[in-house]
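Some notes on the structure that comes next.
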Protein chains: 2
Amino acid sequence: MYFSKLFVPTLREVPAEAEVISHQLLVKAGFIRKSSTGVYTYLPLAQKVLHKITAIVREEMDKAGGQEIIMPVIQPAELWLESGRWDVYGKELFRLKDRNERDFCLGPTHEEVITDLVRANVNSYRQLPLMLYQIQNKYRDERRPRFGLMRGREFIMKDLYSFDRDEEGLNISYKKMYDVYTKVFKRCGLDFRPVLADAGAIGGNSTHEFMVMAESGEAQIVYCPDCDYAANVEIAKCIPEENKQESAKNIEKVKTPQKRSIEEVSEFLNLPAKKFIKTLFYQADEEVIAILVRGDRTINEIKLQRLHPANIMEMASAESVKNVSGCIPGFVGPVGLKNIKIYADEEIKTIVNAVCGANEENYHIKNVQPGRDFEVFAYGDLRLIEEGELCPRCHSKLKSARGIEVGQVFKLGTKYSKALEAKYIDENGKENLMVMGCYGIGISRTVAAAVEQNHDKDGIIWPMSIAPYQVIVTPVKVKDEIIWSKAFKIYQALEEKGVEVILDDRDERAGVKFKDADLIGIPIRVTLGKKYIEENVIEVKLRSEKEVQIINKDDIISHIMDILDKERDNIKQYC
Amino acid sequence: MYFSKLFVPTLREVPAEAEVISHQLLVKAGFIRKSSTGVYTYLPLAQKVLHKITAIVREEMDKAGGQEIIMPVIQPAELWLESGRWDVYGKELFRLKDRNERDFCLGPTHEEVITDLVRANVNSYRQLPLMLYQIQNKYRDERRPRFGLMRGREFIMKDLYSFDRDEEGLNISYKKMYDVYTKVFKRCGLDFRPVLADAGAIGGNSTHEFMVMAESGEAQIVYCPDCDYAANVEIAKCIPEENKQESAKNIEKVKTPQKRSIEEVSEFLNLPAKKFIKTLFYQADEEVIAILVRGDRTINEIKLQRLHPANIMEMASAESVKNVSGCIPGFVGPVGLKNIKIYADEEIKTIVNAVCGANEENYHIKNVQPGRDFEVFAYGDLRLIEEGELCPRCHSKLKSARGIEVGQVFKLGTKYSKALEAKYIDENGKENLMVMGCYGIGISRTVAAAVEQNHDKDGIIWPMSIAPYQVIVTPVKVKDEIIWSKAFKIYQALEEKGVEVILDDRDERAGVKFKDADLIGIPIRVTLGKKYIEENVIEVKLRSEKEVQIINKDDIISHIMDILDKERDNIKQYC
């Protein structure tokens, strides 16, 4: 492809709304353009990257026994009513009516449609296991779409659904997909980690997220440097810290005028934050509940949701707090609370001589003892894990990192097969529910994640396997007949060998050409300049390296092919 | 692929609503399933056919200089308001609101989005010509979705848009696409014809439709056996028939009791239908107009729309007819009509001694003369052409045929670049409107059209280039070790050579296997049965032929590869 023909509208400035680097670079380098909030057009370079990723995904899904289909984007409300999600999905679901006033939604996911398809067409154990997948647009009317392709309203997903006879079969399918996902992201040239995660609204009881490691990632994870434990902090299991032995003292009310925060009271009483009981009130649907965590800990709302499931779970209003505690926030505590469920983090169980609010303005209580001074409705793991805590598997110290979720594998179990009555007849003529799994890869998000992980101040550094083009041939002066004709020959020879190559035929300064090549991130740049005329050598620069390689003109094609072959071999080991 | 693993839910019965053969066969053979009215899931075999077609389309578009992008499905109303189509598109446009009550539609076509993209990113003549395309879902809330993939509400299209500096450039792009479309459909193995067509609501002033010839086609076309003229009857130009010379007689009112239709009056008065003037009234928006065609002709509403453009054009109600003519339908005519525009077909101009209604119940008028007895507001080509009429190009007799529209190429001109102000600066620093073309291929409809054209009573007969699999290997008895092991070896050998092959590993009767293979339409069936054991020969049957070829076991692979190579060579001539 000639650079002059390529539709790659690079920009000098990036839109102010582009907060993250992938958004900035993908717009600046002419890969994407915004159409409306959270909705993008993919320009030719982005489309090429998407093709690369989907080809890898398709190949691996097929090898694992997946069969590709395409399900509708517009889904009838009836199916969502049947699964019970029409009402609970809320505003994230794009809804519309057809000309006959029938309700539809734009699919954010396809559990309903696939379960409907399979229940109608599969009825014997002989037809199981079955794995069906598709690659297509998904829709989610995000409250706050942002970060370019990272959190869009229209995005491209691969979603595979597995149907098995039983849990055992599901475990096999799940393991298969877990392994395939590992292959896919390795082949995409990404540094990633599968982590334990929360199953969220989609349901099911076991799930891993595949995280591309990047400082800008929205997800916080912890991982163990000594074993393979890795988890989203949302779900990472906390081991309660042991307390120093000390004997329990008598309860004592102390005046703490205007000292509201743990920090203020801690300083005022000269007691460490870990001696405090932090009391928080949540509105869980119609009910207000109290949650206790140690003063130096943070509550984990995802874990709270598991202990006390509710459709809406949010901090209670100041007014509600006053209603239940008789006091304004800042001086509340569990002692004397009535008619309210108190949930406490495991660490609270063994706390001795703790400090908490007195439920009276400007007063706290010292030497509080759970069990003695207040009753806990239920203990549980309710706090957010922190770096340096112990690995729940091997007790090494955990490290923390940030990641971008690009894939997720779920065990759905019978959630949807039960709701939609997807059954099969087993060997004994008995009817059973199919056991399902679902497995997603954010294709367009993977494009953004690749950029977040692979860039420098000059632009994108595409991994070879998903680069839009592998090589850019840059004749420094296109009007120099000697330079141009050799550049053209190299371009032609590489194209004949099936290499995807751009010939920068533009009559521009070398600096402009190098800048563009760096910005769009082509892995190999081949430059013909003064040195070619004077010394018969050609410069090869890898986008990922600083040094320039000087190659004899006769060796140039074999040299480039060597680089590409090495990459290919490197990837083959995962295939 | 093992047949037992393939998700191909064939049926014995087809749904009653499946009126056309492609709908029946695609459902019966397990290619598609309905999700909601006009919305389908494509199962693995259909997905494979779609991949084949899109690969051909993509390759040809790229070779012609097209660059692939993906534009959004959800399009902001603002752009449609800017082009003026938000209000005129009517109920066919799926409309929805996001959580912030902003209006969107699901793209039925992408002129607005692409023009918006290009006006923002192209401003110099150096960036033109530009051809961008995409392959993705389109949406049209059809009043009467039907015929399976032929007229759906969600369907897959390839749409390419060309941007040129001027009309001359557009003509080059148009010609390029016309030629590329010819290649695409030839490569798909289809019998088709490009025909002149009406530009319809999309605008523009020149267009061809690509029709796959099939008796079940919705479109009626005429073509000339002696030159390359071919046109949709909607637009085919009619040459007025010459009238016999005769002298004009005096007007004469005749009683025609209860004789309403041309047929009845013609019989009653013993005068041929071609001597009659048929008078029809149309409601054109707020206005009622009268249209005259010869008694034996049919009015062509598309042509009428061109002569008298209106947003709504429909037959006037009996009440309206009475208001303007003073008479009930059946006895109306142009003589004495007042305050109404009368449009007449060219043939009316030279009619002598015609018969028409008297605008009085039970009366007609004989010997009517246009010009003498009534005034015509405008003459034009207003009738539907018929087989046997003269070719407007070479005056041979036209033939008629039916076709399925699978592609269309349009010259849009400046319709959208003007509305959205898509301009570029030319060599002289002057601003000009870009000149546009748009070019669509109905990818999913092509699947249906291929079936309409290629089937027999037993099922589908896929053209080799778009078949889901090329070969099916059928061991008649899978439990016979000798048969099975040879069948497996053939399967393996073909797979290694890159042939897409199904191994029918099912323990079923030969009849069942043959029936399924015929139904799903695999081009080459390789059968190992008794003859293999007794005579060391293998049967090869082409789906498109009746005879079975008997091949020595050692020649089987080379024989199949020969068939495939021949097919490939046959297609190469178009590439």
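If you're wondering about the labels, chains in the structure tokens are A, B, ... by order shown, residues count from 1 in each chain, ligands from 1 in order shown.
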
Residue list (strand (DSSP E or B), DSSP) for segment 284-504 of chain B, as a VMD selection string: chain B and resid 284 287 to 294 299 313 to 315 342 to 345 354 to 357 363 to 368 370 374 378 to 380 383 390 397 399 to 413 423 to 425 431 to 433 435 to 442 455 to 456 459 to 460 471 to 475 501 to 503

Set out as a tab-separated table a contact list for chain A and chain B with a cut-off of 7 Å, giving each residue of chain A that qualifies its closest atom pair and distance in Å to one decimal, counting only C-alpha atoms, ordered by chain and rising residue number.
residue	atom	partner	partner_atom	distance
A:Pro9	CA	B:Asn121	CA	6.2
A:Ser36	CA	B:Pro76	CA	6.6
A:Val39	CA	B:Pro72	CA	6.6
A:Tyr40	CA	B:Pro72	CA	6.3
A:Thr41	CA	B:Met71	CA	4.5
A:Tyr42	CA	B:Ile70	CA	5.0
A:Leu43	CA	B:Ile69	CA	4.8
A:Pro44	CA	B:Ile69	CA	5.1
A:Gln47	CA	B:Ile69	CA	5.7
A:Gln67	CA	B:Pro44	CA	6.0
A:Glu68	CA	B:Pro44	CA	5.4
A:Ile69	CA	B:Leu43	CA	4.8
A:Ile70	CA	B:Tyr42	CA	5.0
A:Met71	CA	B:Thr41	CA	4.4
A:Pro72	CA	B:Thr41	CA	5.9
A:Pro76	CA	B:Ser36	CA	6.6
A:Lys91	CA	B:Arg99	CA	6.2
A:Phe94	CA	B:Asp98	CA	6.6
A:Arg95	CA	B:Leu96	CA	6.9
A:Leu96	CA	B:Leu96	CA	5.2
A:Asp98	CA	B:Phe94	CA	6.6
A:Arg99	CA	B:Lys91	CA	6.2
A:Asn121	CA	B:Pro9	CA	6.1
A:Asp141	CA	B:Asp98	CA	6.8

Take the residues that were just selected and, keeping C-alpha atoms, output them as an mmCIF file, in the first residue's frame.
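Here's the written file result36.cif:
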data_model
loop_
_atom_site.group_PDB
_atom_site.id
_atom_site.type_symbol
_atom_site.label_atom_id
_atom_site.label_comp_id
_atom_site.auth_asym_id
_atom_site.auth_seq_id
_atom_site.Cartn_x
_atom_site.Cartn_y
_atom_site.Cartn_z
ATOM 1 C CA PRO A 9 -5.867 11.023 8.906
ATOM 2 C CA SER A 36 -21.251 9.903 18.970
ATOM 3 C CA VAL A 39 -19.481 5.117 19.461
ATOM 4 C CA TYR A 40 -16.591 4.995 16.995
ATOM 5 C CA THR A 41 -15.758 4.467 13.366
ATOM 6 C CA TYR A 42 -12.792 2.172 12.825
ATOM 7 C CA LEU A 43 -10.598 3.534 10.038
ATOM 8 C CA PRO A 44 -8.530 1.298 7.732
ATOM 9 C CA GLN A 47 -9.826 -2.413 10.796
ATOM 10 C CA GLN A 67 -18.459 -23.392 15.824
ATOM 11 C CA GLU A 68 -19.058 -19.900 14.569
ATOM 12 C CA ILE A 69 -22.553 -18.517 14.145
ATOM 13 C CA ILE A 70 -24.064 -15.011 14.082
ATOM 14 C CA MET A 71 -26.928 -14.177 16.350
ATOM 15 C CA PRO A 72 -29.124 -11.092 16.000
ATOM 16 C CA PRO A 76 -37.014 -9.648 21.284
ATOM 17 C CA LYS A 91 -30.657 1.763 31.729
ATOM 18 C CA PHE A 94 -30.638 0.017 24.725
ATOM 19 C CA ARG A 95 -34.354 -0.539 24.173
ATOM 20 C CA LEU A 96 -36.442 0.124 21.104
ATOM 21 C CA ASP A 98 -40.520 -1.791 16.058
ATOM 22 C CA ARG A 99 -43.261 -0.378 13.818
ATOM 23 C CA ASN A 121 -32.489 -27.503 18.313
ATOM 24 C CA ASP A 141 -25.690 2.305 27.190
#

Within 12 Å of Thr54 of chain A using only C-alpha atoms, minus same-chain residues under 2 positions, as a PyMOL selection string: chain A and resi 47-52+56-62+68+134-136+156-159+184-185+187-188+441-444+446-447+465-466

Take the selection from the previous step and output its residues with C-alpha atoms, as a compact mmCIF listing (two decimals), in the first residue's frame.
# COMPACT_ATOMS: atom_id res chain seq x y z
CA GLN A 47 -9.83 -2.41 10.80
CA LYS A 48 -6.60 -4.21 9.88
CA VAL A 49 -5.72 -4.66 13.56
CA LEU A 50 -9.26 -5.93 14.24
CA HIS A 51 -8.91 -8.41 11.38
CA LYS A 52 -5.65 -9.70 12.86
CA ILE A 56 -6.38 -15.33 15.86
CA VAL A 57 -9.53 -15.64 17.96
CA ARG A 58 -11.41 -17.50 15.22
CA GLU A 59 -8.58 -19.91 14.60
CA GLU A 60 -8.22 -20.78 18.27
CA MET A 61 -11.97 -21.08 18.90
CA ASP A 62 -12.31 -23.40 15.89
CA GLU A 68 -19.06 -19.90 14.57
CA GLN A 134 -19.86 -15.33 17.37
CA ILE A 135 -17.88 -12.17 16.78
CA GLN A 136 -20.04 -9.08 16.51
CA ILE A 156 -16.96 -5.70 19.25
CA MET A 157 -16.99 -8.90 21.27
CA LYS A 158 -16.31 -12.55 20.73
CA ASP A 159 -18.73 -14.51 22.85
CA VAL A 184 -5.10 -16.08 22.13
CA PHE A 185 -3.53 -13.34 24.21
CA ARG A 187 -0.48 -14.90 20.13
CA CYS A 188 -1.59 -11.26 20.27
CA ILE A 441 -13.22 -11.45 24.56
CA GLY A 442 -13.46 -7.71 24.05
CA ILE A 443 -12.06 -7.49 20.54
CA SER A 444 -12.15 -3.71 20.21
CA THR A 446 -8.05 -5.55 23.08
CA VAL A 447 -6.96 -3.02 20.44
CA SER A 465 1.13 -10.33 15.20
CA ILE A 466 -1.55 -7.65 15.37

Residue list (alpha helix (DSSP H), DSSP) for segment 245-363 of chain B, as a PyMOL selection string: chain B and resi 262-269+301-307+318-325

Selection: 7 Å around Gly388 of chain B, only C-alpha atoms, excl. self and same-chain fewer than 5 positions, as a VMD selection string: chain B and resid 397 to 399

Take the selection from the previous step and output its residues with C-alpha atoms, as a compact mmCIF listing (two decimals), in the first residue's frame.
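In the end it all went to again-v2.txt:
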# COMPACT_ATOMS: atom_id res chain seq x y z
CA LYS B 397 -37.88 -7.48 -29.36
CA LEU B 398 -37.24 -7.48 -25.61
CA LYS B 399 -37.40 -10.59 -23.49

Which residues, written as an mmCIF file with C-alpha atoms, in the first residue's frame, have at least one atom at most 7 Å from segment 469-483 of chain B, with only C-alpha atoms counted and residues fewer than 2 positions away on the same chain left out?
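Resulting contents of result_38.cif:
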data_model
loop_
_atom_site.group_PDB
_atom_site.id
_atom_site.type_symbol
_atom_site.label_atom_id
_atom_site.label_comp_id
_atom_site.auth_asym_id
_atom_site.auth_seq_id
_atom_site.Cartn_x
_atom_site.Cartn_y
_atom_site.Cartn_z
ATOM 1 C CA MET B 464 -18.161 -24.542 -5.335
ATOM 2 C CA ALA B 467 -20.085 -23.863 -0.526
ATOM 3 C CA SER B 485 -10.083 -46.502 7.851
ATOM 4 C CA LYS B 486 -9.947 -45.653 4.136
ATOM 5 C CA ALA B 487 -12.624 -42.968 4.543
ATOM 6 C CA TYR B 491 -10.627 -37.160 4.915
ATOM 7 C CA VAL B 499 -9.823 -28.811 1.305
ATOM 8 C CA GLU B 500 -12.845 -28.142 3.506
ATOM 9 C CA VAL B 501 -14.289 -31.553 4.096
ATOM 10 C CA ILE B 502 -16.946 -33.238 6.227
ATOM 11 C CA LEU B 503 -16.523 -36.841 7.306
ATOM 12 C CA ASP B 504 -19.948 -38.377 7.793
ATOM 13 C CA ASP B 505 -19.055 -40.463 10.833
ATOM 14 C CA ASP B 507 -23.863 -44.645 12.241
ATOM 15 C CA ALA B 510 -26.658 -44.775 3.559
ATOM 16 C CA ILE B 522 -22.046 -30.151 -0.575
ATOM 17 C CA PRO B 523 -20.629 -30.037 -4.143
ATOM 18 C CA ILE B 524 -18.627 -33.308 -4.063
ATOM 19 C CA ARG B 525 -19.712 -36.488 -2.344
ATOM 20 C CA VAL B 526 -17.165 -39.298 -1.981
ATOM 21 C CA THR B 527 -18.800 -42.600 -1.074
ATOM 22 C CA LEU B 528 -17.133 -45.761 0.192
ATOM 23 C CA GLY B 529 -19.432 -48.746 0.182
#

Straight-line distance linking atom CA of Gly107 of chain A with atom CA of Arg85 of chain A, stated in Å to one decimal: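 Computing the Euclidean distance for atom CA of Gly107 of chain A and atom CA of Arg85 of chain A yields 11.9 Å.
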
Shell of 10 Å around Asn339 of chain A, only C-alpha atoms, local chain residues under 4 positions omitted, as a ChimeraX atom specification: /A:288-289,324

Export of the given selection (C-alpha atoms) as a short mmCIF file (atom, residue, chain, number, x, y, z; two decimals), in the first residue's frame:
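selection-v7.cif, written as the output of this step:
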data_model
loop_
_atom_site.label_atom_id
_atom_site.label_comp_id
_atom_site.auth_asym_id
_atom_site.auth_seq_id
_atom_site.Cartn_x
_atom_site.Cartn_y
_atom_site.Cartn_z
CA VAL A 288 -30.52 -0.22 56.22
CA ILE A 289 -27.63 -2.41 57.40
CA VAL A 324 -31.02 4.20 62.91
#

7 Å contact set for Ile348 of chain B, only C-alpha atoms, chain neighbours under 4 positions out, as a PyMOL selection string: chain B and resi 293-294+344
